[in-house]
file input.txt (compact mmCIF, C-alpha atoms and all ligand atoms)
# COMPACT_ATOMS: atom_id res chain seq x y z
CA MET B 18 -80.62 119.78 -22.83
CA ILE B 19 -82.44 117.61 -20.29
CA ALA B 20 -80.30 116.48 -17.35
CA GLY B 21 -80.40 113.04 -15.79
CA LEU B 22 -80.32 112.20 -12.11
CA ILE B 23 -77.65 109.59 -11.49
CA THR B 24 -76.67 107.74 -8.32
CA ASN B 25 -73.46 106.11 -9.52
CA ILE B 26 -71.23 105.41 -12.49
CA GLN B 27 -69.61 102.03 -11.92
CA ARG B 28 -66.56 101.18 -13.97
CA TYR B 29 -65.05 97.78 -14.88
CA SER B 30 -68.35 95.97 -14.46
CA VAL B 31 -68.43 92.44 -15.86
CA HIS B 32 -71.95 91.56 -14.72
CA ASP B 33 -74.13 93.89 -16.76
CA GLY B 34 -73.72 92.64 -20.31
CA PRO B 35 -70.88 91.48 -22.56
CA GLY B 36 -67.25 92.53 -22.01
CA ILE B 37 -66.04 95.19 -19.61
CA ARG B 38 -68.74 97.75 -19.08
CA THR B 39 -69.44 101.03 -17.40
CA THR B 40 -72.79 100.90 -15.67
CA VAL B 41 -74.75 104.11 -15.19
CA PHE B 42 -77.32 103.94 -12.39
CA LEU B 43 -80.29 106.23 -12.91
CA LYS B 44 -82.55 107.32 -10.10
CA GLY B 45 -86.22 106.43 -9.73
CA CYS B 46 -88.10 103.14 -10.01
CA PRO B 47 -91.83 102.34 -10.33
CA LEU B 48 -91.32 99.11 -8.37
CA ALA B 49 -90.13 98.66 -4.79
CA CYS B 50 -88.93 95.06 -4.67
CA ALA B 51 -88.53 93.83 -1.12
CA TRP B 52 -85.00 92.54 -1.83
CA CYS B 53 -83.75 95.53 -3.87
CA HIS B 54 -79.93 95.74 -3.87
CA ASN B 55 -79.99 99.41 -4.78
CA PRO B 56 -82.74 100.87 -2.57
CA GLU B 57 -81.17 104.32 -2.81
CA THR B 58 -82.20 104.41 -6.47
CA ILE B 59 -85.94 103.92 -5.86
CA ASN B 60 -86.71 107.51 -4.82
CA PRO B 61 -86.79 109.69 -7.98
CA ARG B 62 -85.47 112.77 -6.17
CA PRO B 63 -82.10 113.58 -4.56
CA HIS B 64 -81.97 112.66 -0.88
CA VAL B 65 -79.62 112.06 2.02
CA MET B 66 -78.35 108.66 3.12
CA ARG B 67 -76.25 107.58 6.10
CA VAL B 68 -73.42 105.23 5.15
CA GLU B 69 -73.50 102.49 7.75
CA ALA B 70 -69.95 101.32 7.05
CA ARG B 71 -68.48 104.76 7.83
CA CYS B 72 -70.75 105.98 10.62
CA ILE B 73 -69.03 106.12 14.01
CA ARG B 74 -72.31 107.06 15.76
CA CYS B 75 -70.94 110.34 17.07
CA GLY B 76 -74.27 112.20 16.95
CA SER B 77 -72.90 115.30 15.18
CA CYS B 78 -75.62 115.06 12.54
CA LEU B 79 -78.26 115.01 15.26
CA ALA B 80 -77.16 118.37 16.56
CA ALA B 81 -76.84 119.84 13.06
CA CYS B 82 -80.20 118.78 11.66
CA PRO B 83 -82.80 121.57 11.95
CA ARG B 84 -85.43 118.88 12.46
CA GLY B 85 -83.36 117.16 15.15
CA ASP B 86 -83.97 113.94 13.27
CA PRO B 87 -81.35 113.25 10.60
CA VAL B 88 -82.36 110.72 7.97
CA GLY B 89 -81.24 107.18 8.64
CA LEU B 90 -79.86 107.66 12.15
CA PRO B 91 -81.06 104.62 14.14
CA SER B 92 -83.31 105.25 17.14
CA ALA B 93 -80.84 103.38 19.33
CA VAL B 94 -78.11 105.91 18.46
CA LYS B 95 -80.45 108.88 18.95
CA ALA B 96 -81.39 107.53 22.37
CA GLY B 97 -77.76 107.84 23.45
CA PHE B 98 -77.81 111.66 23.10
CA PRO B 99 -79.92 114.38 24.69
CA SER B 100 -83.04 114.87 22.56
CA VAL B 101 -82.83 117.83 20.17
CA THR B 102 -85.73 120.25 19.83
CA PRO B 103 -86.55 121.03 16.18
CA GLN B 104 -85.62 124.56 15.15
CA PRO B 105 -88.57 126.95 14.72
CA GLY B 106 -90.05 126.49 11.23
CA ALA B 107 -88.13 123.27 10.61
CA PRO B 108 -89.80 121.23 7.85
CA ALA B 109 -91.67 118.06 8.72
CA GLU B 110 -89.75 116.14 6.07
CA CYS B 111 -86.03 116.27 5.31
CA SER B 112 -85.40 119.35 3.16
CA VAL B 113 -82.05 118.04 1.84
CA CYS B 114 -80.38 121.11 3.36
CA ALA B 115 -77.13 119.10 3.71
CA ALA B 116 -76.36 120.46 7.20
CA CYS B 117 -75.92 116.91 8.49
CA ILE B 118 -73.55 116.05 5.63
CA GLU B 119 -71.35 119.04 6.44
CA ALA B 120 -71.39 118.21 10.15
CA CYS B 121 -70.37 114.58 9.80
CA PRO B 122 -66.65 114.20 10.61
CA VAL B 123 -66.15 110.96 8.66
CA ASN B 124 -68.08 111.42 5.41
CA GLY B 125 -70.70 109.14 6.88
CA ARG B 126 -73.56 110.92 5.12
CA THR B 127 -74.00 111.46 1.44
CA LEU B 128 -76.30 113.13 -1.03
CA VAL B 129 -77.73 110.48 -3.35
CA GLY B 130 -78.36 111.74 -6.87
CA ARG B 131 -76.38 114.14 -9.02
CA GLU B 132 -77.50 115.85 -12.18
CA LEU B 133 -75.60 115.24 -15.37
CA THR B 134 -76.35 116.29 -18.93
CA PRO B 135 -76.05 113.66 -21.66
CA ALA B 136 -73.01 115.51 -23.03
CA ALA B 137 -71.28 115.50 -19.62
CA LEU B 138 -72.07 111.82 -19.27
CA ARG B 139 -70.58 111.14 -22.71
CA ALA B 140 -67.37 112.89 -21.65
CA GLU B 141 -67.15 110.63 -18.58
CA LEU B 142 -67.88 107.50 -20.56
CA LEU B 143 -65.25 108.23 -23.18
CA HIS B 144 -62.54 107.82 -20.50
CA ASP B 145 -63.37 104.09 -20.59
CA ARG B 146 -63.34 103.70 -24.34
CA LEU B 147 -60.13 101.61 -24.38
CA PHE B 148 -61.72 99.01 -22.09
CA PHE B 149 -64.84 98.87 -24.25
CA ASP B 150 -62.82 98.38 -27.41
CA GLU B 151 -60.43 95.80 -25.95
CA SER B 152 -63.14 93.66 -24.33
CA ARG B 153 -66.09 94.19 -26.70
CA GLY B 154 -67.82 95.84 -23.79
CA GLY B 155 -69.77 99.06 -23.57
CA VAL B 156 -72.18 101.02 -21.45
CA THR B 157 -75.13 99.66 -19.49
CA PHE B 158 -77.90 101.91 -18.23
CA SER B 159 -79.40 100.55 -15.05
CA GLY B 160 -80.99 101.88 -11.89
CA GLY B 161 -83.50 102.20 -10.45
CA GLU B 162 -85.42 101.96 -13.66
CA PRO B 163 -83.65 103.84 -16.45
CA LEU B 164 -86.87 104.29 -18.43
CA ARG B 165 -88.16 106.49 -15.59
CA GLN B 166 -85.87 109.14 -17.13
CA GLY B 167 -86.83 108.30 -20.68
CA GLU B 168 -85.80 111.47 -22.49
CA PHE B 169 -82.40 111.59 -20.80
CA LEU B 170 -81.88 107.90 -21.49
CA LEU B 171 -82.73 108.32 -25.16
CA ALA B 172 -80.37 111.30 -25.47
CA ALA B 173 -77.54 109.37 -23.76
CA LEU B 174 -78.13 106.31 -25.95
CA ALA B 175 -77.99 108.49 -29.07
CA LEU B 176 -74.63 109.97 -27.99
CA CYS B 177 -73.21 106.50 -27.30
CA CYS B 178 -74.42 105.41 -30.73
CA GLU B 179 -72.65 108.40 -32.31
CA GLU B 180 -69.44 107.25 -30.60
CA GLY B 181 -69.92 103.64 -31.72
CA ILE B 182 -70.21 102.45 -28.11
CA HIS B 183 -72.21 99.26 -27.48
CA THR B 184 -75.24 99.94 -25.28
CA ALA B 185 -77.37 97.80 -22.99
CA VAL B 186 -80.43 98.86 -21.01
CA ASP B 187 -81.32 96.99 -17.82
CA THR B 188 -85.07 97.43 -17.33
CA CYS B 189 -87.81 96.07 -15.12
CA GLY B 190 -90.17 96.56 -18.05
CA HIS B 191 -92.73 98.56 -16.08
CA ALA B 192 -92.94 101.47 -18.53
CA PRO B 193 -95.28 102.79 -21.23
CA ARG B 194 -95.11 100.77 -24.45
CA GLU B 195 -94.29 103.77 -26.62
CA LEU B 196 -91.20 104.48 -24.52
CA VAL B 197 -90.17 100.82 -24.52
CA GLN B 198 -90.35 100.92 -28.32
CA ARG B 199 -88.19 104.03 -28.58
CA VAL B 200 -85.57 102.70 -26.16
CA ALA B 201 -85.53 99.28 -27.83
CA ALA B 202 -84.84 100.97 -31.17
CA ALA B 203 -81.92 102.89 -29.65
CA CYS B 204 -79.97 100.18 -27.75
CA ASP B 205 -78.04 97.07 -28.76
CA LEU B 206 -79.08 94.75 -25.93
CA VAL B 207 -81.96 94.64 -23.45
CA LEU B 208 -81.39 93.13 -20.01
CA TYR B 209 -84.96 92.38 -18.95
CA ASP B 210 -85.70 91.75 -15.28
CA LEU B 211 -88.36 89.15 -14.57
CA LYS B 212 -89.19 88.38 -10.96
CA LEU B 213 -92.40 86.40 -10.82
CA LEU B 214 -95.18 85.22 -13.11
CA ASP B 215 -97.59 84.79 -10.21
CA ALA B 216 -99.52 88.08 -10.32
CA ASP B 217 -100.51 88.21 -6.66
CA ARG B 218 -97.02 87.44 -5.38
CA HIS B 219 -95.53 89.97 -7.81
CA ALA B 220 -97.80 92.70 -6.47
CA ARG B 221 -96.99 91.68 -2.91
CA PHE B 222 -93.21 91.55 -3.25
CA CYS B 223 -92.63 94.23 -5.90
CA GLY B 224 -95.35 96.73 -5.10
CA ALA B 225 -97.00 96.68 -8.55
CA SER B 226 -98.71 94.37 -11.01
CA ASN B 227 -96.64 92.38 -13.51
CA ARG B 228 -99.22 92.76 -16.33
CA LEU B 229 -97.42 95.60 -18.12
CA ILE B 230 -94.05 93.90 -17.59
CA LEU B 231 -95.20 90.70 -19.25
CA GLU B 232 -96.94 92.53 -22.11
CA ASN B 233 -93.78 94.54 -22.81
CA LEU B 234 -91.63 91.42 -22.65
CA HIS B 235 -93.77 89.73 -25.31
CA TRP B 236 -93.55 92.84 -27.50
CA LEU B 237 -89.77 93.12 -27.05
CA ALA B 238 -89.20 89.48 -27.87
CA ARG B 239 -90.87 90.06 -31.24
CA HIS B 240 -89.20 93.37 -32.06
CA HIS B 241 -85.69 93.40 -30.55
CA PRO B 242 -83.02 90.93 -31.63
CA ARG B 243 -81.16 90.59 -28.32
CA VAL B 244 -82.74 90.10 -24.91
CA TRP B 245 -81.08 88.65 -21.81
CA LEU B 246 -83.60 87.68 -19.17
CA ARG B 247 -82.43 88.40 -15.61
CA ILE B 248 -84.19 86.52 -12.84
CA PRO B 249 -83.34 87.08 -9.17
CA LEU B 250 -83.27 83.75 -7.37
CA ILE B 251 -84.89 84.12 -3.95
CA PRO B 252 -86.15 80.87 -2.45
CA GLU B 253 -88.93 82.50 -0.38
CA VAL B 254 -90.16 84.54 -3.37
CA ASN B 255 -89.80 82.56 -6.59
CA GLY B 256 -87.96 79.37 -5.60
CA ASP B 257 -91.01 77.17 -6.11
CA PRO B 258 -90.15 74.68 -8.91
CA GLY B 259 -93.56 75.28 -10.54
CA GLU B 260 -92.93 79.03 -10.71
CA LEU B 261 -89.41 78.53 -12.07
CA ALA B 262 -90.66 76.02 -14.66
CA ALA B 263 -93.34 78.48 -15.81
CA MET B 264 -90.69 81.20 -16.23
CA ALA B 265 -88.47 78.74 -18.12
CA ARG B 266 -91.34 77.86 -20.49
CA LEU B 267 -92.01 81.54 -21.12
CA ALA B 268 -88.33 82.30 -21.76
CA ALA B 269 -87.98 79.33 -24.11
CA SER B 270 -91.00 80.51 -26.10
CA LEU B 271 -89.38 83.89 -26.83
CA PRO B 272 -86.83 83.60 -29.68
CA ALA B 273 -85.08 86.88 -28.84
CA VAL B 274 -84.02 85.57 -25.42
CA GLU B 275 -80.35 84.65 -25.91
CA GLN B 276 -79.69 83.65 -22.34
CA VAL B 277 -81.13 83.62 -18.85
CA ASN B 278 -79.13 85.06 -15.98
CA LEU B 279 -80.11 83.61 -12.62
CA LEU B 280 -79.08 86.09 -9.95
CA PRO B 281 -78.80 84.42 -6.52
CA TYR B 282 -80.08 86.75 -3.82
CA HIS B 283 -77.53 88.23 -1.44
CA ALA B 284 -78.09 90.66 1.39
CA ILE B 285 -75.90 93.42 0.00
CA GLY B 286 -78.65 96.08 -0.03
CA THR B 287 -79.54 95.60 3.62
CA HIS B 288 -76.96 97.99 5.04
CA LYS B 289 -78.11 100.68 2.60
CA ARG B 290 -81.67 100.43 3.91
CA ASP B 291 -80.27 100.97 7.40
CA GLY B 292 -79.04 104.36 6.21
CA LEU B 293 -82.26 105.40 4.47
CA ALA B 294 -85.56 106.42 5.93
CA THR B 295 -87.03 103.10 4.80
CA HIS B 296 -87.88 99.95 6.67
CA PRO B 297 -85.36 97.13 6.73
CA PRO B 298 -86.06 94.40 4.18
CA PRO B 299 -87.62 91.07 5.10
CA ALA B 300 -84.97 88.53 6.10
CA PHE B 301 -84.60 86.59 2.87
CA LYS B 302 -82.01 83.83 2.77
CA PRO B 303 -79.58 83.44 -0.13
CA PRO B 304 -80.23 80.24 -2.10
CA SER B 305 -77.99 77.27 -1.32
CA THR B 306 -75.77 75.76 -4.01
CA PRO B 307 -78.19 72.80 -4.49
CA GLN B 308 -81.09 75.25 -4.89
CA ILE B 309 -79.13 77.26 -7.48
CA GLU B 310 -78.20 74.10 -9.40
CA ALA B 311 -81.80 72.84 -9.30
CA ALA B 312 -82.98 76.15 -10.76
CA ARG B 313 -80.28 76.01 -13.41
CA ARG B 314 -81.44 72.52 -14.46
CA ILE B 315 -85.04 73.69 -14.85
CA PHE B 316 -83.99 76.40 -17.31
CA GLU B 317 -81.44 74.25 -19.14
CA GLN B 318 -84.00 71.48 -19.58
CA ALA B 319 -86.19 74.04 -21.34
CA GLY B 320 -83.33 74.45 -23.86
CA LEU B 321 -82.02 77.78 -22.56
CA ARG B 322 -78.48 79.01 -22.08
CA VAL B 323 -78.12 79.80 -18.38
CA CYS B 324 -75.57 81.94 -16.56
CA ILE B 325 -75.41 82.13 -12.79
CA GLY B 326 -74.91 85.75 -11.83
CA GLY B 327 -74.97 88.86 -13.98
S1 LIG Q 401 -80.39 117.12 4.96
FE1 LIG Q 401 -80.95 118.71 6.47
S2 LIG Q 401 -83.08 118.20 7.06
FE2 LIG Q 401 -82.25 116.39 5.98
S3 LIG Q 401 -81.49 115.05 7.60
FE3 LIG Q 401 -79.75 116.33 6.94
S4 LIG Q 401 -79.75 118.14 8.28
FE4 LIG Q 401 -81.74 117.09 8.52
S1 LIG Q 402 -73.68 109.88 10.22
FE1 LIG Q 402 -71.77 110.97 10.65
S2 LIG Q 402 -72.38 112.63 12.05
FE2 LIG Q 402 -74.07 111.14 12.03
S3 LIG Q 402 -73.66 109.78 13.74
FE3 LIG Q 402 -72.73 108.83 11.93
S4 LIG Q 402 -70.61 109.54 11.94
FE4 LIG Q 402 -71.73 110.91 13.32
call {"tool": "encode", "arguments": {"input": "input.txt", "output": "structure tokens"}}
result
Amino acid sequence: MIAGLITNIQRYSVHDGPGIRTTVFLKGCPLACAWCHNPETINPRPHVMRVEARCIRCGSCLAACPRGDPVGLPSAVKAGFPSVTPQPGAPAECSVCAACIEACPVNGRTLVGRELTPAALRAELLHDRLFFDESRGGVTFSGGEPLRQGEFLLAALALCCEEGIHTAVDTCGHAPRELVQRVAAACDLVLYDLKLLDADRHARFCGASNRLILENLHWLARHHPRVWLRIPLIPEVNGDPGELAAMARLAASLPAVEQVNLLPYHAIGTHKRDGLATHPPPAFKPPSTPQIEAARRIFEQAGLRVCIGG
């Protein structure tokens, strides 16, 4: 049976659909949004990450890495130690050999991504069944982009269905239509992420066109009974009242959209980027309370039910 690559299974989540939920984060995403809160899920393969909150900057990983350049160790820390010559034959890119993880004295490095079969995932999810039943909750598949692992996702959804567990799929919508159709037929609720209608700004901030995303949203709204639209609220990106009003008009025109979740930006993913081999994000500011309330009014005036947060 096909295995999935998972970064995290988060229990007791109340922000990813109705009730108490267990959220399964799948690895790999076709977008690379500049504000991504889960940047460790973008890469579709397992990789190493330094955990900023635990790292005591001891340099042990520097000495252990055959390349002499452990992923995510800041240049300023490296500069504090004698430079390490790469071992003969050391790969140019990180080979995920895990030598740095073993050398770290404080669990400050971690392997991101573990394989799990749908059956093993079902066994883990069943531990939470009482919470699902008591709260009318269930399981949410998120990421990353869960449709990037379409066959695993479909197998996991089928097993949840067999168990009578409510399922939600949190998707950016950038996926082939045929797969969107199969997933839509297999889940109870779609959490659909919409960032921007402005095509140029979408490409600039998310790394890909929004054409497919909008086409799939229109299809979903005609063919799936329950869609929650999730919109990150980032003043520098989509805080323009004209952009928000256009999104509100679109949402109001789609009967399947039960509610809109406005997700105020926060800088929680920043420290993760520090521990990856990626550039730090642009310095976005979280929206102020008046900005959040102004956005809420725009969507409510379009006749939509609005929730602030997940
Ligand atoms: S996994 Fe291996 S190659 Fe990659 S950073 Fe760690 S020690 Fe270096
Ligand atoms: S990641 Fe671990 S081994 Fe590397 S500098 Fe930080 S604490 Fe030391």
call {"tool": "closest_residue", "arguments": {"input": "input.txt", "among": "B:Gly89, B:Pro249, B:Gly161, B:Gly45", "to": "ligand LIG 401 (chain Q)", "atoms": "all atoms listed in the file"}}
result
B:Gly89
call {"tool": "closest_residue", "arguments": {"input": "input.txt", "among": "B:Gly154, B:Gly85, B:Pro47, B:Pro122", "to": "ligand LIG 401 (chain Q)", "atoms": "all atoms listed in the file"}}
result
B:Gly85
call {"tool": "residues_around", "arguments": {"input": "input.txt", "residues": "range 231-236 of chain B", "least_positions_apart": "4", "cutoff": "12 Å", "atoms": "only C-alpha atoms", "output": "PyMOL selection string"}}
result
chain B and resi 188-198+201+207-216+219+226-227+240-247+264+267-274
call {"tool": "residues_around", "arguments": {"input": "input.txt", "residues": "range 320-326 of chain B", "least_positions_apart": "5", "cutoff": "7 Å", "atoms": "all atoms listed in the file", "output": "ChimeraX atom specification"}}
result
/B:269,276-281,313
call {"tool": "closest_atom_pairs", "arguments": {"input": "input.txt", "of": "chain B", "to": "ligand LIG 402 (chain Q)", "cutoff": "8 Å", "atoms": "only C-alpha atoms and all ligand atoms", "output": "tab-separated table"}}
result
residue	atom	partner	partner_atom	distance
B:Arg67	CA	Q:LIG402	S1	5.4
B:Val68	CA	Q:LIG402	S1	6.9
B:Glu69	CA	Q:LIG402	FE3	7.6
B:Arg71	CA	Q:LIG402	S4	6.7
B:Cys72	CA	Q:LIG402	FE3	3.7
B:Ile73	CA	Q:LIG402	S4	4.3
B:Arg74	CA	Q:LIG402	S3	3.6
B:Cys75	CA	Q:LIG402	FE4	3.9
B:Gly76	CA	Q:LIG402	S3	4.1
B:Ser77	CA	Q:LIG402	S2	4.1
B:Cys78	CA	Q:LIG402	S2	4.1
B:Leu79	CA	Q:LIG402	FE2	6.6
B:Pro87	CA	Q:LIG402	FE2	7.7
B:Leu90	CA	Q:LIG402	S3	6.7
B:Val94	CA	Q:LIG402	S3	7.6
B:Cys117	CA	Q:LIG402	S2	6.6
B:Ile118	CA	Q:LIG402	FE1	7.4
B:Ala120	CA	Q:LIG402	S2	6.0
B:Cys121	CA	Q:LIG402	S2	3.6
B:Pro122	CA	Q:LIG402	FE1	6.1
B:Val123	CA	Q:LIG402	S4	5.7
B:Asn124	CA	Q:LIG402	FE1	6.4
B:Gly125	CA	Q:LIG402	FE1	4.3
B:Arg126	CA	Q:LIG402	S1	5.2
call {"tool": "residues_near_ligand", "arguments": {"input": "input.txt", "ligand": "ligand LIG 401 (chain Q)", "cutoff": "6 Å", "atoms": "all atoms listed in the file", "output": "number ranges by chain"}}
result
B: 65, 81-84, 87-88, 111-117
call {"tool": "closest_residue", "arguments": {"input": "input.txt", "among": "B:Cys53, B:Ala107, B:Ala203, B:Val129", "to": "Ile23 in chain B", "atoms": "all atoms listed in the file"}}
result
B:Val129
call {"tool": "atom_distance", "arguments": {"input": "input.txt", "atom1": "CA of Pro304 in chain B", "atom2": "CA of Ile285 in chain B"}}
result
14.0 Å
call {"tool": "atom_distance", "arguments": {"input": "input.txt", "atom1": "CA of Lys302 in chain B", "atom2": "CA of Tyr282 in chain B"}}
result
7.5 Å
call {"tool": "atom_distance", "arguments": {"input": "input.txt", "atom1": "CA of Ala80 in chain B", "atom2": "CA of Gln104 in chain B"}}
result
10.6 Å
call {"tool": "residues_near_point", "arguments": {"input": "input.txt", "point": "(-66.0, 95.4, -26.7)", "cutoff": "10 Å", "atoms": "only C-alpha atoms", "output": "JSON list (two decimals) with C-alpha atoms, in the frame of the given file"}}
result
[["chain", "number", "residue", "atom", "x", "y", "z"],
["B", 35, "PRO", "CA", -70.88, 91.48, -22.56],
["B", 36, "GLY", "CA", -67.25, 92.53, -22.01],
["B", 37, "ILE", "CA", -66.04, 95.19, -19.61],
["B", 38, "ARG", "CA", -68.74, 97.75, -19.08],
["B", 146, "ARG", "CA", -63.34, 103.70, -24.34],
["B", 147, "LEU", "CA", -60.13, 101.61, -24.38],
["B", 148, "PHE", "CA", -61.72, 99.01, -22.09],
["B", 149, "PHE", "CA", -64.84, 98.87, -24.25],
["B", 150, "ASP", "CA", -62.82, 98.38, -27.41],
["B", 151, "GLU", "CA", -60.43, 95.80, -25.95],
["B", 152, "SER", "CA", -63.14, 93.66, -24.33],
["B", 153, "ARG", "CA", -66.09, 94.19, -26.70],
["B", 154, "GLY", "CA", -67.82, 95.84, -23.79],
["B", 155, "GLY", "CA", -69.77, 99.06, -23.57],
["B", 156, "VAL", "CA", -72.18, 101.02, -21.45],
["B", 182, "ILE", "CA", -70.21, 102.45, -28.11],
["B", 183, "HIS", "CA", -72.21, 99.26, -27.48]]
call {"tool": "closest_residue", "arguments": {"input": "input.txt", "among": "B:Phe42, B:Gly97, B:Arg218, B:Cys50", "to": "Asn255 in chain B", "atoms": "all atoms listed in the file"}}
result
B:Arg218
call {"tool": "residues_around", "arguments": {"input": "input.txt", "residues": "Cys223 in chain B", "least_positions_apart": "6", "cutoff": "8 Å", "atoms": "all atoms listed in the file", "output": "list in words"}}
result
Leu48, Ala49, Cys50 and Ala51 of chain B
call {"tool": "residues_around", "arguments": {"input": "input.txt", "residues": "Thr287 in chain B", "least_positions_apart": "5", "cutoff": "12 Å", "atoms": "only C-alpha atoms", "output": "list in words"}}
result
Ala51, Trp52, Cys53, His54, Asn55, Pro56, Glu57, Val68, Glu69, Ala70, Tyr282, Gly292, Leu293, Thr295, His296, Pro297, Pro298, Pro299, Ala300 and Phe301 of chain B
call {"tool": "write_last_selection", "arguments": {"input": "input.txt", "atoms": "C-alpha atoms", "output": "PDB file, in the frame of the given file"}}
result
ATOM      1  CA  ALA B  51     -88.530  93.830  -1.120  1.00  0.00           C
ATOM      2  CA  TRP B  52     -85.000  92.540  -1.830  1.00  0.00           C
ATOM      3  CA  CYS B  53     -83.750  95.530  -3.870  1.00  0.00           C
ATOM      4  CA  HIS B  54     -79.930  95.740  -3.870  1.00  0.00           C
ATOM      5  CA  ASN B  55     -79.990  99.410  -4.780  1.00  0.00           C
ATOM      6  CA  PRO B  56     -82.740 100.870  -2.570  1.00  0.00           C
ATOM      7  CA  GLU B  57     -81.170 104.320  -2.810  1.00  0.00           C
ATOM      8  CA  VAL B  68     -73.420 105.230   5.150  1.00  0.00           C
ATOM      9  CA  GLU B  69     -73.500 102.490   7.750  1.00  0.00           C
ATOM     10  CA  ALA B  70     -69.950 101.320   7.050  1.00  0.00           C
ATOM     11  CA  TYR B 282     -80.080  86.750  -3.820  1.00  0.00           C
ATOM     12  CA  GLY B 292     -79.040 104.360   6.210  1.00  0.00           C
ATOM     13  CA  LEU B 293     -82.260 105.400   4.470  1.00  0.00           C
ATOM     14  CA  THR B 295     -87.030 103.100   4.800  1.00  0.00           C
ATOM     15  CA  HIS B 296     -87.880  99.950   6.670  1.00  0.00           C
ATOM     16  CA  PRO B 297     -85.360  97.130   6.730  1.00  0.00           C
ATOM     17  CA  PRO B 298     -86.060  94.400   4.180  1.00  0.00           C
ATOM     18  CA  PRO B 299     -87.620  91.070   5.100  1.00  0.00           C
ATOM     19  CA  ALA B 300     -84.970  88.530   6.100  1.00  0.00           C
ATOM     20  CA  PHE B 301     -84.600  86.590   2.870  1.00  0.00           C
TER      21      PHE B 301
END
call {"tool": "closest_residue", "arguments": {"input": "input.txt", "among": "B:Leu143, B:Ala185, B:Leu206, B:Leu261", "to": "Pro163 in chain B", "atoms": "all atoms listed in the file"}}
result
B:Ala185
